[in-house]
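query-v3.pdb follows (PDB, C-alpha atoms):
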ATOM      1  CA  MET A   1      80.496  76.459 102.229
ATOM      2  CA  ARG A   2      83.567  75.380 104.246
ATOM      3  CA  LEU A   3      83.950  72.575 106.793
ATOM      4  CA  ALA A   4      86.309  71.834 109.683
ATOM      5  CA  LEU A   5      86.963  68.518 111.391
ATOM      6  CA  GLU A   6      87.542  68.341 115.148
ATOM      7  CA  LEU A   7      88.502  64.978 116.650
ATOM      8  CA  ASP A   8      88.366  64.259 120.385
ATOM      9  CA  GLY A   9      91.632  62.317 120.200
ATOM     10  CA  PRO A  10      93.219  59.157 118.850
ATOM     11  CA  ALA A  11      91.268  55.900 118.995
ATOM     12  CA  PRO A  12      92.488  52.299 119.087
ATOM     13  CA  PRO A  13      91.839  49.911 116.183
ATOM     14  CA  GLY A  14      88.527  48.236 116.977
ATOM     15  CA  GLY A  15      87.517  51.203 119.154
ATOM     16  CA  GLU A  16      85.439  54.278 118.454
ATOM     17  CA  LEU A  17      86.499  57.602 116.978
ATOM     18  CA  ARG A  18      84.593  60.615 118.303
ATOM     19  CA  GLY A  19      84.562  64.147 117.027
ATOM     20  CA  ARG A  20      82.489  66.763 115.266
ATOM     21  CA  VAL A  21      82.162  68.402 111.899
ATOM     22  CA  VAL A  22      82.000  72.183 112.259
ATOM     23  CA  VAL A  23      80.537  74.445 109.583
ATOM     24  CA  ALA A  24      83.270  77.081 109.220
ATOM     25  CA  GLU A  25      81.445  78.941 106.484
ATOM     26  CA  GLY A  26      77.706  78.431 106.075
ATOM     27  CA  GLY A  27      75.679  77.449 103.032
ATOM     28  CA  THR A  28      72.964  75.171 101.725
ATOM     29  CA  CYS A  29      73.844  71.515 101.282
ATOM     30  CA  ARG A  30      71.908  68.396 100.346
ATOM     31  CA  LEU A  31      73.873  66.124 102.666
ATOM     32  CA  LEU A  32      76.628  66.303 105.261
ATOM     33  CA  GLU A  33      78.547  63.079 105.898
ATOM     34  CA  VAL A  34      81.663  61.772 107.600
ATOM     35  CA  ALA A  35      83.561  58.558 106.882
ATOM     36  CA  ILE A  36      86.652  56.531 107.779
ATOM     37  CA  ARG A  37      88.304  55.468 104.527
ATOM     38  CA  LEU A  38      91.288  53.473 103.367
ATOM     39  CA  CYS A  39      93.114  55.191 100.493
ATOM     40  CA  GLU A  40      95.384  52.855  98.553
ATOM     41  CA  ARG A  41      97.615  53.879  95.680
ATOM     42  CA  SER A  42     100.177  52.259  93.429
ATOM     43  CA  ARG A  43     102.270  54.002  90.780
ATOM     44  CA  ASP A  44      99.422  53.692  88.271
ATOM     45  CA  TYR A  45      96.179  53.229  90.230
ATOM     46  CA  ALA A  46      94.386  54.558  93.304
ATOM     47  CA  GLU A  47      91.283  53.315  95.117
ATOM     48  CA  GLU A  48      89.388  54.406  98.188
ATOM     49  CA  THR A  49      87.321  52.093 100.369
ATOM     50  CA  VAL A  50      84.814  53.315 102.956
ATOM     51  CA  PHE A  51      84.926  51.308 106.200
ATOM     52  CA  ALA A  52      82.648  53.410 108.419
ATOM     53  CA  HIS A  53      80.189  56.090 107.402
ATOM     54  CA  ALA A  54      77.599  58.371 109.010
ATOM     55  CA  ILE A  55      75.167  60.888 107.540
ATOM     56  CA  LEU A  56      75.123  63.860 109.908
ATOM     57  CA  THR A  57      72.332  65.910 108.376
ATOM     58  CA  ARG A  58      70.219  66.058 105.259
ATOM     59  CA  GLU A  59      69.088  68.962 103.072
ATOM     60  CA  GLY A  60      69.023  72.418 104.591
ATOM     61  CA  GLU A  61      70.698  75.739 105.315
ATOM     62  CA  ARG A  62      73.766  75.409 107.574
ATOM     63  CA  ARG A  63      74.907  78.399 109.601
ATOM     64  CA  ASP A  64      78.476  79.367 110.554
ATOM     65  CA  GLY A  65      79.700  77.603 113.676
ATOM     66  CA  GLU A  66      77.039  74.880 113.555
ATOM     67  CA  SER A  67      78.495  71.603 114.875
ATOM     68  CA  PHE A  68      77.567  67.964 114.165
ATOM     69  CA  PRO A  69      79.024  65.368 116.550
ATOM     70  CA  PHE A  70      79.759  61.844 115.359
ATOM     71  CA  ALA A  71      81.123  58.503 116.570
ATOM     72  CA  LEU A  72      82.527  56.010 114.061
ATOM     73  CA  PRO A  73      83.852  52.480 114.649
ATOM     74  CA  VAL A  74      87.567  52.233 113.851
ATOM     75  CA  PRO A  75      88.378  49.130 111.736
ATOM     76  CA  VAL A  76      90.504  46.549 113.550
ATOM     77  CA  GLN A  77      92.992  46.435 110.670
ATOM     78  CA  ALA A  78      93.591  50.203 110.677
ATOM     79  CA  GLY A  79      97.230  51.215 110.905
ATOM     80  CA  PRO A  80      99.606  54.099 110.336
ATOM     81  CA  PRO A  81     100.349  55.356 106.808
ATOM     82  CA  VAL A  82     102.665  53.289 104.610
ATOM     83  CA  ASN A  83     104.730  54.833 101.812
ATOM     84  CA  THR A  84     106.972  52.883  99.469
ATOM     85  CA  GLU A  85     108.389  53.468  96.004
ATOM     86  CA  TRP A  86     105.673  51.181  94.582
ATOM     87  CA  GLY A  87     102.752  52.848  96.354
ATOM     88  CA  GLY A  88     101.224  53.054  99.783
ATOM     89  CA  LEU A  89      98.146  53.247 101.925
ATOM     90  CA  ASN A  90      96.643  55.795 104.227
ATOM     91  CA  TRP A  91      93.702  55.660 106.644
ATOM     92  CA  GLU A  92      91.808  58.929 106.846
ATOM     93  CA  VAL A  93      88.691  60.653 108.180
ATOM     94  CA  ARG A  94      86.793  62.675 105.611
ATOM     95  CA  ALA A  95      83.868  65.037 106.086
ATOM     96  CA  ARG A  96      82.017  66.128 102.957
ATOM     97  CA  ALA A  97      79.006  68.230 102.089
ATOM     98  CA  ASP A  98      76.985  67.401  98.981
ATOM     99  CA  MET A  99      76.167  70.652  97.187
ATOM    100  CA  ALA A 100      73.769  71.215  94.328
ATOM    101  CA  LEU A 101      75.561  72.338  91.137
ATOM    102  CA  LYS A 102      78.696  73.290  93.083
ATOM    103  CA  ARG A 103      81.977  71.678  94.005
ATOM    104  CA  ASP A 104      81.458  69.576  97.157
ATOM    105  CA  PRO A 105      83.487  71.015 100.051
ATOM    106  CA  GLU A 106      85.409  68.410 102.018
ATOM    107  CA  VAL A 107      87.999  68.178 104.738
ATOM    108  CA  ARG A 108      90.368  65.256 105.274
ATOM    109  CA  GLN A 109      92.550  64.247 108.182
ATOM    110  CA  GLY A 110      94.738  61.220 108.840
ATOM    111  CA  LEU A 111      93.087  58.698 111.154
ATOM    112  CA  PRO A 112      94.690  59.230 114.586
ATOM    113  CA  LEU A 113      95.395  55.868 116.216
ATOM    114  CA  THR A 114      96.589  55.100 119.713
ATOM    115  CA  GLY A 115      99.926  53.332 119.720
ATOM    116  CA  ALA A 116     100.597  54.288 116.086
TER     117      ALA A 116
ATOM    118  CA  MET B   1     101.420  23.424  97.547
ATOM    119  CA  THR B   2     100.330  23.249  93.909
ATOM    120  CA  ALA B   3     101.119  25.926  91.323
ATOM    121  CA  ARG B   4      97.493  27.063  91.502
ATOM    122  CA  GLN B   5      97.810  27.702  95.249
ATOM    123  CA  ARG B   6     101.279  29.260  95.056
ATOM    124  CA  HIS B   7      99.878  32.763  94.591
ATOM    125  CA  LEU B   8      98.512  32.461  98.167
ATOM    126  CA  GLU B   9     101.803  31.367  99.769
ATOM    127  CA  HIS B  10     102.250  34.906 101.132
ATOM    128  CA  LEU B  11      99.259  34.404 103.463
ATOM    129  CA  PRO B  12      99.492  32.524 106.759
ATOM    130  CA  PRO B  13      96.801  29.910 107.463
ATOM    131  CA  GLY B  14      93.477  31.522 108.308
ATOM    132  CA  ALA B  15      94.249  34.854 106.596
ATOM    133  CA  GLN B  16      91.737  35.776 103.922
ATOM    134  CA  PRO B  17      92.971  36.906 100.498
ATOM    135  CA  GLY B  18      92.114  40.493  99.581
ATOM    136  CA  PRO B  19      90.611  41.724  96.293
ATOM    137  CA  GLN B  20      94.055  41.982  94.655
ATOM    138  CA  SER B  21      95.054  38.431  95.665
ATOM    139  CA  ARG B  22      91.725  37.109  94.346
ATOM    140  CA  ARG B  23      92.429  38.860  91.033
ATOM    141  CA  ARG B  24      95.892  37.257  90.938
ATOM    142  CA  ARG B  25      94.263  33.841  91.405
ATOM    143  CA  SER B  26      92.276  34.372  88.172
ATOM    144  CA  ASP B  27      95.434  35.504  86.342
ATOM    145  CA  VAL B  28      97.328  32.419  87.542
ATOM    146  CA  ARG B  29      94.510  30.125  86.328
ATOM    147  CA  ILE B  30      94.586  31.703  82.862
ATOM    148  CA  ARG B  31      98.388  31.672  82.644
ATOM    149  CA  GLY B  32      98.389  28.044  83.814
ATOM    150  CA  TRP B  33      97.218  27.004  80.328
ATOM    151  CA  ILE B  34     100.110  28.666  78.496
ATOM    152  CA  ALA B  35     102.816  26.113  79.364
ATOM    153  CA  PRO B  36     100.728  23.004  78.444
ATOM    154  CA  ALA B  37      99.541  24.661  75.209
ATOM    155  CA  LEU B  38     103.113  25.551  74.184
ATOM    156  CA  ALA B  39     104.378  22.078  75.148
ATOM    157  CA  LEU B  40     101.612  20.489  73.039
ATOM    158  CA  ALA B  41     102.531  22.695  70.066
ATOM    159  CA  GLY B  42     106.183  21.696  70.536
ATOM    160  CA  VAL B  43     105.300  17.995  70.590
ATOM    161  CA  LEU B  44     103.243  18.445  67.408
ATOM    162  CA  SER B  45     106.258  20.073  65.753
ATOM    163  CA  LEU B  46     108.419  17.147  66.886
ATOM    164  CA  VAL B  47     105.906  14.708  65.403
ATOM    165  CA  SER B  48     105.975  16.775  62.231
ATOM    166  CA  PHE B  49     109.766  16.529  62.126
ATOM    167  CA  ALA B  50     109.721  12.775  62.819
ATOM    168  CA  ALA B  51     107.073  12.174  60.155
ATOM    169  CA  SER B  52     108.993  14.298  57.687
ATOM    170  CA  ALA B  53     112.230  12.464  58.428
ATOM    171  CA  ALA B  54     110.433   9.127  57.968
ATOM    172  CA  GLY B  55     109.058  10.299  54.627
ATOM    173  CA  PHE B  56     105.380  10.709  55.653
ATOM    174  CA  ASP B  57     103.167  13.770  55.124
ATOM    175  CA  THR B  58     103.426  16.032  58.174
ATOM    176  CA  PRO B  59     100.401  16.878  60.291
ATOM    177  CA  ILE B  60     101.426  20.574  60.088
ATOM    178  CA  PRO B  61     102.208  21.100  56.405
ATOM    179  CA  ASP B  62     102.634  24.872  56.792
ATOM    180  CA  LEU B  63     105.703  24.346  58.956
ATOM    181  CA  ARG B  64     107.539  22.372  56.297
ATOM    182  CA  ILE B  65     110.632  23.956  54.846
ATOM    183  CA  GLY B  66     112.737  21.174  53.420
ATOM    184  CA  ILE B  67     116.454  21.594  54.047
ATOM    185  CA  GLY B  68     118.358  18.800  52.405
ATOM    186  CA  GLY B  69     115.315  16.536  52.569
ATOM    187  CA  THR B  70     114.907  16.942  56.336
ATOM    188  CA  ASP B  71     112.471  19.321  58.004
ATOM    189  CA  LEU B  72     114.890  21.056  60.356
ATOM    190  CA  PHE B  73     112.567  23.998  60.743
ATOM    191  CA  SER B  74     110.016  21.824  62.583
ATOM    192  CA  LEU B  75     112.763  20.648  64.898
ATOM    193  CA  ALA B  76     113.844  24.218  65.625
ATOM    194  CA  VAL B  77     110.235  25.313  66.257
ATOM    195  CA  ALA B  78     109.728  22.321  68.572
ATOM    196  CA  GLY B  79     112.856  23.221  70.517
ATOM    197  CA  VAL B  80     111.835  26.862  70.932
ATOM    198  CA  LEU B  81     108.244  26.021  71.942
ATOM    199  CA  ILE B  82     109.291  23.402  74.485
ATOM    200  CA  GLY B  83     111.941  25.772  75.852
ATOM    201  CA  ILE B  84     109.397  28.578  76.339
ATOM    202  CA  ALA B  85     106.917  26.097  77.874
ATOM    203  CA  PHE B  86     109.578  24.969  80.357
ATOM    204  CA  THR B  87     110.406  28.587  81.234
ATOM    205  CA  TYR B  88     106.724  29.315  81.959
ATOM    206  CA  TRP B  89     106.380  26.129  83.988
ATOM    207  CA  ARG B  90     109.527  26.838  85.994
ATOM    208  CA  LYS B  91     108.300  30.363  86.765
ATOM    209  CA  ALA B  92     105.065  28.898  88.151
ATOM    210  CA  ASN B  93     106.919  26.085  89.960
ATOM    211  CA  PRO B  94     110.169  27.549  91.324
ATOM    212  CA  ARG B  95     112.825  25.186  92.661
ATOM    213  CA  ARG B  96     112.498  24.639  96.403
ATOM    214  CA  ASP B  97     114.546  22.651  98.863
ATOM    215  CA  PRO B  98     112.141  20.080 100.387
ATOM    216  CA  ARG B  99     114.608  19.039 103.121
ATOM    217  CA  VAL B 100     114.477  22.325 105.038
ATOM    218  CA  ALA B 101     111.304  23.524 106.763
ATOM    219  CA  ILE B 102     110.584  26.460 109.081
ATOM    220  CA  GLU B 103     108.399  26.768 112.167
ATOM    221  CA  LEU B 104     107.588  30.126 113.708
ATOM    222  CA  ASP B 105     105.017  32.290 115.458
ATOM    223  CA  ARG B 106     102.552  33.292 112.752
ATOM    224  CA  ARG B 107     101.513  36.666 114.139
ATOM    225  CA  VAL B 108     103.854  39.416 115.346
ATOM    226  CA  ARG B 109     104.021  43.202 115.480
ATOM    227  CA  ARG B 110     106.452  45.565 113.802
ATOM    228  CA  GLY B 111     109.563  46.101 115.906
ATOM    229  CA  GLN B 112     109.284  42.644 117.476
ATOM    230  CA  GLU B 113     111.591  39.706 116.944
ATOM    231  CA  VAL B 114     110.629  36.566 115.037
ATOM    232  CA  ARG B 115     112.086  33.274 116.208
ATOM    233  CA  ALA B 116     112.331  30.795 113.349
ATOM    234  CA  LEU B 117     113.082  27.151 114.026
ATOM    235  CA  VAL B 118     114.662  25.347 111.077
ATOM    236  CA  ALA B 119     113.774  21.670 110.784
ATOM    237  CA  GLY B 120     115.657  19.179 108.633
ATOM    238  CA  MET B 121     118.894  21.147 108.906
ATOM    239  CA  PRO B 122     121.752  18.914 107.714
ATOM    240  CA  GLU B 123     124.592  18.463 110.223
ATOM    241  CA  ARG B 124     127.656  20.712 109.954
ATOM    242  CA  THR B 125     125.896  22.841 107.353
ATOM    243  CA  ALA B 126     125.268  26.553 107.660
ATOM    244  CA  VAL B 127     121.674  27.643 107.144
ATOM    245  CA  GLU B 128     120.766  31.170 106.139
ATOM    246  CA  VAL B 129     117.283  32.380 107.041
ATOM    247  CA  SER B 130     115.833  35.337 105.183
ATOM    248  CA  LEU B 131     112.984  37.656 106.150
ATOM    249  CA  THR B 132     111.375  39.364 103.172
ATOM    250  CA  CYS B 133     108.632  41.941 102.720
ATOM    251  CA  ARG B 134     106.995  41.316  99.368
ATOM    252  CA  VAL B 135     104.869  44.005  97.742
ATOM    253  CA  HIS B 136     102.205  43.351  95.115
ATOM    254  CA  TRP B 137     101.095  46.478  93.282
ATOM    255  CA  ASP B 138      98.753  47.179  90.397
ATOM    256  CA  GLN B 139     100.619  48.207  87.297
ATOM    257  CA  ARG B 140      99.324  49.583  83.990
ATOM    258  CA  LYS B 141     100.910  47.690  81.095
ATOM    259  CA  ARG B 142     100.718  49.236  77.673
ATOM    260  CA  SER B 143     100.652  47.155  74.528
ATOM    261  CA  SER B 144     100.338  48.550  71.023
ATOM    262  CA  ALA B 145      98.945  46.357  68.295
ATOM    263  CA  SER B 146     100.528  46.706  64.870
ATOM    264  CA  GLY B 147      98.969  49.563  62.927
ATOM    265  CA  ASP B 148      97.321  50.977  66.035
ATOM    266  CA  SER B 149      99.338  53.786  67.579
ATOM    267  CA  ARG B 150      96.895  54.192  70.502
ATOM    268  CA  GLY B 151      97.508  50.705  71.859
ATOM    269  CA  SER B 152      95.691  49.260  74.854
ATOM    270  CA  THR B 153      96.367  49.022  78.560
ATOM    271  CA  THR B 154      96.010  46.091  80.902
ATOM    272  CA  ARG B 155      95.914  46.106  84.695
ATOM    273  CA  VAL B 156      98.386  43.546  85.999
ATOM    274  CA  VAL B 157      99.694  42.722  89.463
ATOM    275  CA  ALA B 158     103.442  43.295  89.676
ATOM    276  CA  GLU B 159     105.667  41.947  92.445
ATOM    277  CA  ALA B 160     108.758  43.385  94.113
ATOM    278  CA  THR B 161     110.830  42.968  97.256
ATOM    279  CA  ALA B 162     110.303  45.958  99.541
ATOM    280  CA  TRP B 163     112.738  44.886 102.261
ATOM    281  CA  GLU B 164     114.953  41.888 103.056
ATOM    282  CA  ASP B 165     117.248  40.786 105.853
ATOM    283  CA  PHE B 166     119.267  37.650 106.540
ATOM    284  CA  ALA B 167     120.414  35.770 109.659
ATOM    285  CA  GLN B 168     122.425  32.628 110.239
ATOM    286  CA  ALA B 169     120.677  29.802 112.076
ATOM    287  CA  SER B 170     122.420  28.800 115.310
ATOM    288  CA  PRO B 171     123.663  25.223 115.874
ATOM    289  CA  SER B 172     120.382  24.662 117.766
ATOM    290  CA  SER B 173     118.584  25.438 114.453
ATOM    291  CA  GLU B 174     117.212  28.762 115.633
ATOM    292  CA  ALA B 175     117.323  32.113 113.874
ATOM    293  CA  HIS B 176     116.231  35.444 115.314
ATOM    294  CA  LEU B 177     115.073  38.162 112.952
ATOM    295  CA  ARG B 178     113.805  41.596 113.917
ATOM    296  CA  LEU B 179     110.874  43.106 112.060
ATOM    297  CA  PRO B 180     111.719  46.732 111.310
ATOM    298  CA  ALA B 181     109.338  49.252 112.870
ATOM    299  CA  ASP B 182     109.529  51.585 109.870
ATOM    300  CA  GLN B 183     108.623  49.070 107.169
ATOM    301  CA  PRO B 184     105.104  48.131 105.918
ATOM    302  CA  TYR B 185     102.817  45.871 107.943
ATOM    303  CA  SER B 186     100.842  43.000 106.398
ATOM    304  CA  HIS B 187      98.037  44.293 104.238
ATOM    305  CA  GLU B 188      95.687  42.607 101.748
ATOM    306  CA  GLY B 189      94.325  45.398  99.589
ATOM    307  CA  SER B 190      92.730  46.269  96.271
ATOM    308  CA  VAL B 191      95.633  48.180  94.704
ATOM    309  CA  ILE B 192      98.619  47.329  96.873
ATOM    310  CA  SER B 193      99.385  44.466  99.287
ATOM    311  CA  PHE B 194     102.277  43.766 101.637
ATOM    312  CA  ALA B 195     103.279  40.295 102.836
ATOM    313  CA  TRP B 196     106.090  38.982 105.027
ATOM    314  CA  LEU B 197     107.793  35.675 104.235
ATOM    315  CA  ILE B 198     110.580  33.630 105.792
ATOM    316  CA  THR B 199     112.691  31.163 103.836
ATOM    317  CA  ALA B 200     115.779  29.114 104.662
ATOM    318  CA  ARG B 201     118.545  27.777 102.491
ATOM    319  CA  THR B 202     121.674  25.764 103.189
ATOM    320  CA  MET B 203     125.089  27.175 102.402
ATOM    321  CA  VAL B 204     127.894  24.880 101.332
ATOM    322  CA  ASP B 205     131.353  26.364 100.677
ATOM    323  CA  GLY B 206     129.799  29.844 100.565
ATOM    324  CA  LYS B 207     127.329  28.821  97.859
ATOM    325  CA  ARG B 208     123.615  29.161  98.544
ATOM    326  CA  SER B 209     121.360  26.245  97.679
ATOM    327  CA  ARG B 210     117.773  26.713  96.506
ATOM    328  CA  PRO B 211     115.399  28.139  99.135
ATOM    329  CA  SER B 212     112.892  26.215 101.202
ATOM    330  CA  MET B 213     109.142  26.649 100.822
ATOM    331  CA  PRO B 214     108.422  30.156 102.186
ATOM    332  CA  VAL B 215     106.469  30.483 105.424
ATOM    333  CA  ALA B 216     104.185  33.484 105.768
ATOM    334  CA  VAL B 217     103.965  35.537 108.926
ATOM    335  CA  TRP B 218     101.266  38.133 109.555
ATOM    336  CA  VAL B 219     102.764  41.410 110.767
ATOM    337  CA  ASP B 220     100.440  43.742 112.679
ATOM    338  CA  PRO B 221     101.075  47.523 112.726
TER     339      PRO B 221
END

Starting from the file, give its structure as structure tokens.
Amino acid sequence: MRLALELDGPAPPGGELRGRVVVAEGGTCRLLEVAIRLCERSRDYAEETVFAHAILTREGERRDGESFPFALPVPVQAGPPVNTEWGGLNWEVRARADMALKRDPEVRQGLPLTGA
Amino acid sequence: MTARQRHLEHLPPGAQPGPQSRRRRSDVRIRGWIAPALALAGVLSLVSFAASAAGFDTPIPDLRIGIGGTDLFSLAVAGVLIGIAFTYWRKANPRRDPRVAIELDRRVRRGQEVRALVAGMPERTAVEVSLTCRVHWDQRKRSSASGDSRGSTTRVVAEATAWEDFAQASPSSEAHLRLPADQPYSHEGSVISFAWLITARTMVDGKRSRPSMPVAVWVDP
């Protein structure tokens, strides 16, 4: 199974991000979800925090080209990526399918922000 | 601001500490006991030396190594312990100039200018105002116990200066500093945090005095 992420455009912090998850290559999944996450990393550690999350569909066969629209609230503190020699942070949108006994396919994209 | 609150000096009033800053608060509380414990041990060693010199039995017999009838070892141990205790205490309570204070807008955006107003500026004295981006990042520290080659790791919060700029305050006690658009914005995180601070210090004959209490400014993206 393979996924694609289509976003309608950038959204302001505190606004709403709209888009759709498209099934590029079909398959059977237990869950299809999309989330806005903050990925932080230092030289030695990394952590990811989910700020907004939506379950798009539950168990079933997904066909090629099937599309699942979503709208997620953008956190007010969201900002552009930061990279330093000590670490950094990155806001991203991630779509993921939960597969039984297989590697979960996922697609990630930087969170597009207006004015960023 | 007490030593226990000093770990929050990078936050302007009203800003909530993030998970990393809350972890640092616990570390500061634990480390706060080191200096008093070392100072107490140093005082006990001094008492031991005084008692030994006066010809009494020492309260810490194990420390006694008589050199010419006088327990110099206790004196040396006392000196080292009190010295280390002072170093720890000074690290938790850095020297600050109480005469100089700063007033400024507490919330700005990257690329904008910050106007800092220096209060208590002595007459005919140059004042240097600094704008600093401080980064706190989680670091893995390895320690190997004797006889154990594997060692252990501890997660500590390290601190560094990510960016710094200076400006001279005008005779009207104002300083203008521009926040760079390509540097980090304020962030209170779990693994990494960025904070912006402004300090002022007087300069006499080209020599910088100790800095004022830092004032935090929240920088939006």

List as CSV every residue of chain A that is in contact with chain B, defined as an atom at most 10 Å from one of its atoms (using all atoms listed in the file), together with the nearest atom pair and the distance in Å rounded to one decimal, sorted by chain and then rising number.
residue,atom,partner,partner_atom,distance
A:Leu38,CA,B:Gly189,CA,9.4
A:Cys39,CA,B:Val191,CA,9.4
A:Glu40,CA,B:Val191,CA,6.1
A:Arg41,CA,B:Val191,CA,6.1
A:Ser42,CA,B:Trp137,CA,5.9
A:Arg43,CA,B:Gln139,CA,7.0
A:Asp44,CA,B:Gln139,CA,5.7
A:Tyr45,CA,B:Asp138,CA,6.6
A:Ala46,CA,B:Val191,CA,6.6
A:Glu47,CA,B:Val191,CA,6.7
A:Glu48,CA,B:Ser190,CA,9.0
A:Thr49,CA,B:Ser190,CA,8.9
A:Gln77,CA,B:Asp220,CA,8.2
A:Ala78,CA,B:Pro221,CA,8.2
A:Gly79,CA,B:Pro221,CA,5.6
A:Pro80,CA,B:Pro221,CA,7.1
A:Pro81,CA,B:Pro184,CA,8.7
A:Val82,CA,B:Pro184,CA,5.9
A:Asn83,CA,B:Pro184,CA,7.9
A:Thr84,CA,B:Ala162,CA,7.7
A:Glu85,CA,B:Ala162,CA,8.5
A:Trp86,CA,B:Trp137,CA,6.7
A:Gly87,CA,B:Ile192,CA,6.9
A:Gly88,CA,B:Ile192,CA,6.9
A:Leu89,CA,B:Ile192,CA,7.8
A:Gly115,CA,B:Pro221,CA,9.2
A:Ala116,CA,B:Pro221,CA,7.6

Go ahead and find all residues with at least one atom no further than 7 Å from (101.8, 34.9, 110.2) in the file's coordinates, using all atoms listed in the file; report them as number ranges by chain.
B: 12, 105-107, 216-219

Selection near A:Asp98, 6 Å with only C-alpha atoms, sequence-local residues under 2 positions removed, as a PyMOL selection string
chain A and resi 29-31+104

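Taking atom CA of A:Arg96 and atom CA of A:Glu33 as the two end points, the separation is 5.5 Å.
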
Between B:Cys133, B:Leu44, B:Ala167, B:Ile34, single out the one closest to B:Lys91, counting only C-alpha atoms.
B:Ile34

Using only C-alpha atoms: which of B:Phe73, B:Thr125, B:Leu179, B:Gly83 has the shortest distance to B:Pro36
B:Gly83

Considering only C-alpha atoms, can you say which of B:Arg124, B:Val43, B:Ala119, B:Arg25 comes closest to B:Asp205?
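Using only C-alpha atoms, B:Asp205 sits closest to B:Arg124.
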
Exactly which residues make up the result of the PyMOL selection byres ((chain A and resi 61) around 6) on this file, given as a ChimeraX atom specification?
/A:27-28,60,62

Got time to write the residues from that selection, C-alpha atoms, as an mmCIF file, in the coordinates of the input?
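Output file out31.cif follows:
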data_model
loop_
_atom_site.group_PDB
_atom_site.id
_atom_site.type_symbol
_atom_site.label_atom_id
_atom_site.label_comp_id
_atom_site.auth_asym_id
_atom_site.auth_seq_id
_atom_site.Cartn_x
_atom_site.Cartn_y
_atom_site.Cartn_z
ATOM 1 C CA GLY A 27 75.679 77.449 103.032
ATOM 2 C CA THR A 28 72.964 75.171 101.725
ATOM 3 C CA GLY A 60 69.023 72.418 104.591
ATOM 4 C CA ARG A 62 73.766 75.409 107.574
#

Counting all atoms listed in the file, the residue of A:Val74, A:Ala24, A:Ile55, A:Leu113 that sits nearest A:Arg2:
A:Ala24

What gap, in Å, lies between atom CA of A:Leu5 and atom CA of A:Arg94?
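Atom-to-atom, atom CA of A:Leu5 and atom CA of A:Arg94 are spaced 8.2 Å apart.
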
Using all atoms listed in the file, which of the listed residues (A:Leu101, A:Ile36, A:Leu56, A:Val76) sits closest to A:Pro12?
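The shortest atom-to-atom distance to A:Pro12 comes from A:Val76.
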
Enclose stretch 74-88 of chain A, meaning all of its atoms listed in the file, in a box aligned along x, y and z, pad it by 8 Å on each side, and list the centre and edge lengths in Å to one decimal, as AutoDock Vina command-line options.
--center_x 98.0 --center_y 50.9 --center_z 104.2 --size_x 36.8 --size_y 24.9 --size_z 35.3
